[in-house]
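Asks: Pasting input.txt here (compact mmCIF, C-alpha atoms):
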# COMPACT_ATOMS: atom_id res chain seq x y z
CA MET A 1 -19.85 24.47 12.20
CA SER A 2 -17.47 22.16 14.03
CA ASP A 3 -14.21 21.31 12.33
CA LEU A 4 -11.55 20.03 14.70
CA ALA A 5 -8.92 20.55 11.99
CA ASP A 6 -9.71 24.28 12.06
CA LEU A 7 -8.45 24.83 15.62
CA ARG A 8 -5.67 27.29 16.46
CA PRO A 9 -2.82 26.19 18.77
CA ASN A 10 -4.12 25.10 22.21
CA GLU A 11 -7.77 25.75 21.38
CA GLU A 12 -10.22 23.20 22.74
CA ALA A 13 -13.51 22.06 21.26
CA VAL A 14 -16.19 19.71 22.55
CA GLU A 15 -18.55 17.30 20.80
CA LEU A 16 -22.12 18.63 21.07
CA GLU A 17 -25.50 17.11 20.47
CA PRO A 18 -27.71 19.13 18.09
CA ALA A 19 -29.41 21.99 19.93
CA SER A 20 -33.17 21.58 20.21
CA ASP A 21 -34.23 23.26 23.41
CA ALA A 22 -35.17 26.75 22.25
CA THR A 23 -36.90 28.41 19.34
CA LEU A 24 -36.05 31.94 18.31
CA ARG A 25 -38.05 34.16 15.99
CA PHE A 26 -35.97 36.27 13.64
CA ILE A 27 -37.56 39.68 13.12
CA GLY A 28 -35.57 40.67 10.05
CA ALA A 29 -32.08 40.78 8.61
CA ILE A 30 -29.05 43.03 8.94
CA ARG A 31 -27.41 44.64 5.92
CA THR A 32 -23.73 45.52 6.35
CA PRO A 33 -20.78 46.03 3.99
CA TRP A 34 -19.03 42.88 5.27
CA ARG A 35 -19.47 39.59 3.39
CA ASP A 36 -16.52 37.71 4.93
CA ARG A 37 -15.55 37.37 8.59
CA LYS A 38 -11.96 38.45 7.86
CA ASP A 39 -13.29 41.86 6.75
CA CYS A 40 -15.70 42.31 9.67
CA PRO A 41 -14.56 44.61 12.52
CA ARG A 42 -13.92 43.00 15.91
CA GLN A 43 -16.09 45.57 17.65
CA GLY A 44 -18.43 48.05 16.01
CA ARG A 45 -17.68 51.77 16.19
CA LEU A 46 -20.26 54.53 16.40
CA ASP A 47 -18.43 56.32 13.59
CA GLY A 48 -18.47 53.16 11.44
CA PRO A 49 -20.40 52.80 8.19
CA GLU A 50 -24.17 53.08 8.02
CA CYS A 51 -25.85 49.68 8.20
CA GLN A 52 -29.50 48.66 7.94
CA LEU A 53 -31.76 46.67 10.21
CA VAL A 54 -34.46 45.51 7.79
CA LEU A 55 -37.51 44.40 9.77
CA ASP A 56 -40.12 42.02 8.45
CA PRO A 57 -43.31 44.06 7.77
CA VAL A 58 -45.26 42.45 10.62
CA TRP A 59 -42.86 44.19 13.09
CA HIS A 60 -42.98 47.72 11.61
CA ASN A 61 -45.54 48.99 14.14
CA ALA A 62 -43.32 47.71 16.97
CA LEU A 63 -40.90 50.54 16.14
CA ALA A 64 -43.29 53.25 17.45
CA GLY A 65 -41.39 55.41 19.96
CA LEU A 66 -37.94 54.01 19.17
CA GLU A 67 -37.05 57.21 17.29
CA ASP A 68 -36.84 58.93 20.70
CA TYR A 69 -33.53 57.14 21.40
CA ASP A 70 -30.11 58.07 20.04
CA THR A 71 -28.60 54.71 21.01
CA ILE A 72 -30.22 51.30 20.79
CA GLU A 73 -29.17 47.75 21.56
CA VAL A 74 -29.29 45.26 18.69
CA LEU A 75 -29.31 41.50 19.26
CA TYR A 76 -28.54 39.19 16.37
CA TRP A 77 -27.86 35.54 15.58
CA LEU A 78 -24.28 34.90 14.45
CA ASP A 79 -25.34 32.14 12.07
CA GLN A 80 -21.87 31.67 10.53
CA SER A 81 -20.18 30.96 13.88
CA ARG A 82 -19.02 27.63 15.18
CA ARG A 83 -20.48 26.68 18.56
CA ASP A 84 -18.15 24.06 20.01
CA LEU A 85 -15.08 25.92 21.32
CA ILE A 86 -14.63 26.15 25.08
CA ARG A 87 -11.10 27.64 24.92
CA GLN A 88 -10.03 30.06 22.19
CA SER A 89 -6.78 31.63 21.03
CA PRO A 90 -7.85 35.02 19.65
CA ARG A 91 -4.32 36.03 18.68
CA SER A 92 -3.43 32.60 17.24
CA ASP A 93 -0.37 32.59 19.52
CA GLY A 94 -1.27 29.56 21.64
CA GLN A 95 -2.48 31.60 24.63
CA THR A 96 -6.10 30.64 25.27
CA PHE A 97 -9.03 32.07 27.16
CA GLY A 98 -12.35 30.52 28.10
CA THR A 99 -15.12 31.33 25.64
CA PHE A 100 -17.13 33.13 28.33
CA ALA A 101 -14.19 35.48 29.00
CA LEU A 102 -14.26 36.72 25.39
CA ARG A 103 -16.57 38.73 23.14
CA SER A 104 -15.86 36.33 20.28
CA PRO A 105 -18.70 35.35 17.94
CA VAL A 106 -17.75 31.71 18.62
CA ARG A 107 -20.09 30.72 21.47
CA PRO A 108 -22.47 27.92 22.45
CA ASN A 109 -25.38 30.24 21.60
CA PRO A 110 -23.96 32.74 19.11
CA ILE A 111 -25.99 35.77 20.10
CA GLY A 112 -24.33 39.03 19.14
CA THR A 113 -25.15 42.32 20.79
CA SER A 114 -24.14 45.85 19.86
CA MET A 115 -24.95 49.27 21.19
CA VAL A 116 -25.45 51.31 18.02
CA LYS A 117 -26.24 54.88 17.05
CA LEU A 118 -29.73 55.16 15.58
CA VAL A 119 -29.35 57.49 12.59
CA ARG A 120 -32.94 57.30 11.31
CA ILE A 121 -35.90 55.03 10.63
CA GLU A 122 -37.23 54.68 7.08
CA LYS A 123 -40.37 52.58 6.54
CA GLY A 124 -39.43 49.66 8.77
CA THR A 125 -35.70 49.90 8.16
CA LEU A 126 -33.41 51.31 10.84
CA ILE A 127 -30.23 53.03 9.66
CA VAL A 128 -27.56 52.59 12.34
CA ARG A 129 -23.82 52.92 12.95
CA GLY A 130 -21.75 50.65 15.19
CA LEU A 131 -22.41 47.11 13.98
CA ASP A 132 -19.85 44.32 13.70
CA CYS A 133 -21.64 41.49 11.88
CA LEU A 134 -21.80 39.97 8.43
CA ASP A 135 -24.25 41.04 5.75
CA GLY A 136 -27.44 39.00 6.00
CA THR A 137 -27.09 38.24 9.73
CA PRO A 138 -30.51 37.33 11.21
CA LEU A 139 -31.93 40.02 13.50
CA LEU A 140 -33.25 38.83 16.89
CA ASP A 141 -34.34 41.93 18.78
CA ILE A 142 -34.00 45.68 19.23
CA LYS A 143 -34.14 47.49 22.57
CA PRO A 144 -33.70 51.09 23.71
CA ASP A 145 -30.41 51.90 25.40
CA ARG A 146 -31.00 50.78 28.99
CA CYS A 147 -29.23 53.86 30.37
CA ALA A 148 -31.56 56.21 28.48
CA PHE A 149 -34.72 54.16 29.05
CA THR A 150 -37.40 55.21 31.51
CA PRO A 151 -39.85 52.40 32.36
CA LYS A 152 -43.33 52.96 30.94
CA ALA A 153 -45.03 50.57 33.38
CA PRO A 154 -46.00 51.63 36.90
CA ASP A 155 -43.49 51.08 39.69
CA LYS A 156 -43.49 47.64 41.31
CA ALA A 157 -43.87 47.17 45.01
CA ASN A 158 -40.64 46.06 46.67
CA VAL A 159 -40.54 42.31 46.04
CA TYR A 160 -37.40 41.51 48.07
Step by step, read the file and then write its structure as structure tokens.
Replies:
Amino acid sequence: MSDLADLRPNEEAVELEPASDATLRFIGAIRTPWRDRKDCPRQGRLDGPECQLVLDPVWHNALAGLEDYDTIEVLYWLDQSRRDLIRQSPRSDGQTFGTFALRSPVRPNPIGTSMVKLVRIEKGTLIVRGLDCLDGTPLLDIKPDRCAFTPKAPDKANVY
């Protein structure tokens, strides 16, 4: 996804070797109304359109208990994003920021994360509001909202 001709004023890209040091397992796909990045919201809104997290059947039983949460965290792979920018100009005005100071989808490891409202679960498909990714985006993981989560495992002894 690297095209040096596609840089905005003052943006900076680096030459990268192909990534080969990690393997991720996609657990499904995300269905949204957005087919083109220019139409996709910058940040999802909890009053945004209903979207679907379509899990592969092998993961359906992993959803047990998730219905107890109003808000969940969704992690996804931004497969349409370039990965080589180290400085970006989000406003295309020449002012740049380091990639790690932005929530841009353009990152060395394009992992997206959204806190979304869980509307309902229907046979392995989660209906949610609050996403900001393209239709067909690979789904990496789903977690309960960390603020609402109570650990299920026993307490650990102080390890410090």
Asks: Mind giving me the straight-line distance from CA of Asp36 (chain A) to CA of Leu134 (chain A) in Å, one decimal?
Replies: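 The value is 6.7 Å.
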Asks: Which polymer residues have any atom within 10 Å of an atom of Pro33 (chain A), counting all atoms listed in the file, with same-chain residues fewer than 4 positions away left out, as a PyMOL selection string?
Replies: chain A and resi 39-40+49-52+132-136
Asks: Please identify all polymer residues lying at most 10 Å from the point (-35.2, 39.0, 12.8) (file coordinates), using only C-alpha atoms, and present the result as a PDB file with C-alpha atoms, keeping the file's coordinate frame.
Replies:
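Written file, result28.pdb:
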ATOM      1  CA  LEU A  24     -36.050  31.940  18.310  1.00  0.00           C
ATOM      2  CA  ARG A  25     -38.050  34.160  15.990  1.00  0.00           C
ATOM      3  CA  PHE A  26     -35.970  36.270  13.640  1.00  0.00           C
ATOM      4  CA  ILE A  27     -37.560  39.680  13.120  1.00  0.00           C
ATOM      5  CA  GLY A  28     -35.570  40.670  10.050  1.00  0.00           C
ATOM      6  CA  ALA A  29     -32.080  40.780   8.610  1.00  0.00           C
ATOM      7  CA  ILE A  30     -29.050  43.030   8.940  1.00  0.00           C
ATOM      8  CA  LEU A  53     -31.760  46.670  10.210  1.00  0.00           C
ATOM      9  CA  VAL A  54     -34.460  45.510   7.790  1.00  0.00           C
ATOM     10  CA  LEU A  55     -37.510  44.400   9.770  1.00  0.00           C
ATOM     11  CA  ASP A  56     -40.120  42.020   8.450  1.00  0.00           C
ATOM     12  CA  TRP A  59     -42.860  44.190  13.090  1.00  0.00           C
ATOM     13  CA  LEU A  75     -29.310  41.500  19.260  1.00  0.00           C
ATOM     14  CA  TYR A  76     -28.540  39.190  16.370  1.00  0.00           C
ATOM     15  CA  TRP A  77     -27.860  35.540  15.580  1.00  0.00           C
ATOM     16  CA  THR A 137     -27.090  38.240   9.730  1.00  0.00           C
ATOM     17  CA  PRO A 138     -30.510  37.330  11.210  1.00  0.00           C
ATOM     18  CA  LEU A 139     -31.930  40.020  13.500  1.00  0.00           C
ATOM     19  CA  LEU A 140     -33.250  38.830  16.890  1.00  0.00           C
ATOM     20  CA  ASP A 141     -34.340  41.930  18.780  1.00  0.00           C
ATOM     21  CA  ILE A 142     -34.000  45.680  19.230  1.00  0.00           C
TER      22      ILE A 142
END
Asks: Out of A:Thr125, A:Thr99, A:Ser20, A:Gln88, which residue has the shortest atom-to-atom distance to Pro57 (chain A) when counting only C-alpha atoms?
Replies: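 Of the candidates, the smallest distance to Pro57 (chain A) is held by A:Thr125.
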Asks: With the cut-off set at 12 Å and counting only C-alpha atoms, tabulate each residue of region 53-83 of chain A with an atom at most that distance from an atom of region 111-114 of chain A, showing the nearest atom pair and its distance in Å to one decimal, ordered by chain and increasing number, as CSV.
Replies:
residue,atom,partner,partner_atom,distance
A:Thr71,CA,A:Ser114,CA,10.0
A:Ile72,CA,A:Ser114,CA,8.2
A:Glu73,CA,A:Ser114,CA,5.6
A:Val74,CA,A:Ser114,CA,5.3
A:Leu75,CA,A:Thr113,CA,4.5
A:Tyr76,CA,A:Gly112,CA,5.0
A:Trp77,CA,A:Ile111,CA,4.9
A:Leu78,CA,A:Ile111,CA,6.0
A:Asp79,CA,A:Ile111,CA,8.8
A:Gln80,CA,A:Ile111,CA,11.2
A:Ser81,CA,A:Ile111,CA,9.8
A:Arg82,CA,A:Ile111,CA,11.8
A:Arg83,CA,A:Ile111,CA,10.7
Asks: Missing atoms in region 55-66 of chain A: fill them in up to all heavy atoms and send the result as a PDB file, in the frame of the given file.
Replies:
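As written to disk, out31.pdb reads:
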ATOM      1  N   LEU A  55     -36.512  45.176   9.047  1.00  0.00           N
ATOM      2  CA  LEU A  55     -37.510  44.400   9.770  1.00  0.00           C
ATOM      3  C   LEU A  55     -38.540  43.802   8.829  1.00  0.00           C
ATOM      4  O   LEU A  55     -38.913  44.424   7.829  1.00  0.00           O
ATOM      5  CB  LEU A  55     -38.230  45.274  10.799  1.00  0.00           C
ATOM      6  CG  LEU A  55     -37.594  45.316  12.185  1.00  0.00           C
ATOM      7  CD1 LEU A  55     -36.276  46.018  12.163  1.00  0.00           C
ATOM      8  CD2 LEU A  55     -38.537  45.917  13.167  1.00  0.00           C
ATOM      9  N   ASP A  56     -39.004  42.600   9.177  1.00  0.00           N
ATOM     10  CA  ASP A  56     -40.120  42.020   8.450  1.00  0.00           C
ATOM     11  C   ASP A  56     -41.330  42.938   8.675  1.00  0.00           C
ATOM     12  O   ASP A  56     -41.502  43.506   9.773  1.00  0.00           O
ATOM     13  CB  ASP A  56     -40.427  40.616   8.964  1.00  0.00           C
ATOM     14  CG  ASP A  56     -39.291  39.640   8.684  1.00  0.00           C
ATOM     15  OD1 ASP A  56     -38.515  39.872   7.727  1.00  0.00           O
ATOM     16  OD2 ASP A  56     -39.186  38.637   9.418  1.00  0.00           O
ATOM     17  N   PRO A  57     -42.189  43.102   7.663  1.00  0.00           N
ATOM     18  CA  PRO A  57     -43.310  44.060   7.770  1.00  0.00           C
ATOM     19  C   PRO A  57     -44.190  43.879   8.992  1.00  0.00           C
ATOM     20  O   PRO A  57     -44.683  44.867   9.538  1.00  0.00           O
ATOM     21  CB  PRO A  57     -44.088  43.808   6.468  1.00  0.00           C
ATOM     22  CG  PRO A  57     -43.058  43.327   5.498  1.00  0.00           C
ATOM     23  CD  PRO A  57     -42.103  42.495   6.326  1.00  0.00           C
ATOM     24  N   VAL A  58     -44.398  42.670   9.463  1.00  0.00           N
ATOM     25  CA  VAL A  58     -45.260  42.450  10.620  1.00  0.00           C
ATOM     26  C   VAL A  58     -44.747  43.202  11.855  1.00  0.00           C
ATOM     27  O   VAL A  58     -45.525  43.521  12.760  1.00  0.00           O
ATOM     28  CB  VAL A  58     -45.425  40.938  10.903  1.00  0.00           C
ATOM     29  CG1 VAL A  58     -44.129  40.320  11.401  1.00  0.00           C
ATOM     30  CG2 VAL A  58     -46.554  40.692  11.877  1.00  0.00           C
ATOM     31  N   TRP A  59     -43.451  43.542  11.915  1.00  0.00           N
ATOM     32  CA  TRP A  59     -42.860  44.190  13.090  1.00  0.00           C
ATOM     33  C   TRP A  59     -42.728  45.705  12.934  1.00  0.00           C
ATOM     34  O   TRP A  59     -42.269  46.367  13.862  1.00  0.00           O
ATOM     35  CB  TRP A  59     -41.480  43.586  13.384  1.00  0.00           C
ATOM     36  CG  TRP A  59     -41.566  42.122  13.642  1.00  0.00           C
ATOM     37  CD1 TRP A  59     -41.103  41.118  12.839  1.00  0.00           C
ATOM     38  CD2 TRP A  59     -42.186  41.488  14.752  1.00  0.00           C
ATOM     39  NE1 TRP A  59     -41.401  39.902  13.389  1.00  0.00           N
ATOM     40  CE2 TRP A  59     -42.064  40.098  14.566  1.00  0.00           C
ATOM     41  CE3 TRP A  59     -42.832  41.958  15.889  1.00  0.00           C
ATOM     42  CZ2 TRP A  59     -42.567  39.176  15.476  1.00  0.00           C
ATOM     43  CZ3 TRP A  59     -43.335  41.034  16.796  1.00  0.00           C
ATOM     44  CH2 TRP A  59     -43.193  39.672  16.586  1.00  0.00           C
ATOM     45  N   HIS A  60     -43.149  46.275  11.813  1.00  0.00           N
ATOM     46  CA  HIS A  60     -42.980  47.720  11.610  1.00  0.00           C
ATOM     47  C   HIS A  60     -43.640  48.554  12.701  1.00  0.00           C
ATOM     48  O   HIS A  60     -43.052  49.525  13.187  1.00  0.00           O
ATOM     49  CB  HIS A  60     -43.484  48.129  10.230  1.00  0.00           C
ATOM     50  CG  HIS A  60     -42.596  47.659   9.111  1.00  0.00           C
ATOM     51  ND1 HIS A  60     -42.767  48.074   7.825  1.00  0.00           N
ATOM     52  CD2 HIS A  60     -41.532  46.814   9.095  1.00  0.00           C
ATOM     53  CE1 HIS A  60     -41.859  47.505   7.048  1.00  0.00           C
ATOM     54  NE2 HIS A  60     -41.100  46.729   7.801  1.00  0.00           N
ATOM     55  N   ASN A  61     -44.848  48.209  13.106  1.00  0.00           N
ATOM     56  CA  ASN A  61     -45.540  48.990  14.140  1.00  0.00           C
ATOM     57  C   ASN A  61     -44.864  48.878  15.501  1.00  0.00           C
ATOM     58  O   ASN A  61     -45.078  49.717  16.385  1.00  0.00           O
ATOM     59  CB  ASN A  61     -47.000  48.586  14.249  1.00  0.00           C
ATOM     60  CG  ASN A  61     -47.815  49.130  13.088  1.00  0.00           C
ATOM     61  OD1 ASN A  61     -47.384  50.034  12.380  1.00  0.00           O
ATOM     62  ND2 ASN A  61     -48.987  48.556  12.878  1.00  0.00           N
ATOM     63  N   ALA A  62     -44.030  47.872  15.695  1.00  0.00           N
ATOM     64  CA  ALA A  62     -43.320  47.710  16.970  1.00  0.00           C
ATOM     65  C   ALA A  62     -42.214  48.750  17.133  1.00  0.00           C
ATOM     66  O   ALA A  62     -41.643  48.877  18.219  1.00  0.00           O
ATOM     67  CB  ALA A  62     -42.730  46.297  17.063  1.00  0.00           C
ATOM     68  N   LEU A  63     -41.936  49.505  16.080  1.00  0.00           N
ATOM     69  CA  LEU A  63     -40.900  50.540  16.140  1.00  0.00           C
ATOM     70  C   LEU A  63     -41.402  51.856  16.740  1.00  0.00           C
ATOM     71  O   LEU A  63     -40.596  52.744  17.027  1.00  0.00           O
ATOM     72  CB  LEU A  63     -40.337  50.816  14.741  1.00  0.00           C
ATOM     73  CG  LEU A  63     -39.593  49.652  14.100  1.00  0.00           C
ATOM     74  CD1 LEU A  63     -39.274  49.973  12.643  1.00  0.00           C
ATOM     75  CD2 LEU A  63     -38.327  49.343  14.881  1.00  0.00           C
ATOM     76  N   ALA A  64     -42.707  51.991  16.956  1.00  0.00           N
ATOM     77  CA  ALA A  64     -43.290  53.250  17.450  1.00  0.00           C
ATOM     78  C   ALA A  64     -42.620  53.673  18.758  1.00  0.00           C
ATOM     79  O   ALA A  64     -42.583  52.909  19.723  1.00  0.00           O
ATOM     80  CB  ALA A  64     -44.793  53.087  17.644  1.00  0.00           C
ATOM     81  N   GLY A  65     -42.044  54.859  18.773  1.00  0.00           N
ATOM     82  CA  GLY A  65     -41.390  55.410  19.960  1.00  0.00           C
ATOM     83  C   GLY A  65     -39.882  55.199  19.977  1.00  0.00           C
ATOM     84  O   GLY A  65     -39.173  55.861  20.731  1.00  0.00           O
ATOM     85  N   LEU A  66     -39.377  54.288  19.163  1.00  0.00           N
ATOM     86  CA  LEU A  66     -37.940  54.010  19.170  1.00  0.00           C
ATOM     87  C   LEU A  66     -37.133  55.202  18.659  1.00  0.00           C
ATOM     88  O   LEU A  66     -35.987  55.406  19.063  1.00  0.00           O
ATOM     89  CB  LEU A  66     -37.624  52.760  18.337  1.00  0.00           C
ATOM     90  CG  LEU A  66     -36.212  52.209  18.488  1.00  0.00           C
ATOM     91  CD1 LEU A  66     -35.956  51.720  19.918  1.00  0.00           C
ATOM     92  CD2 LEU A  66     -35.957  51.082  17.496  1.00  0.00           C
TER      93      LEU A  66
END
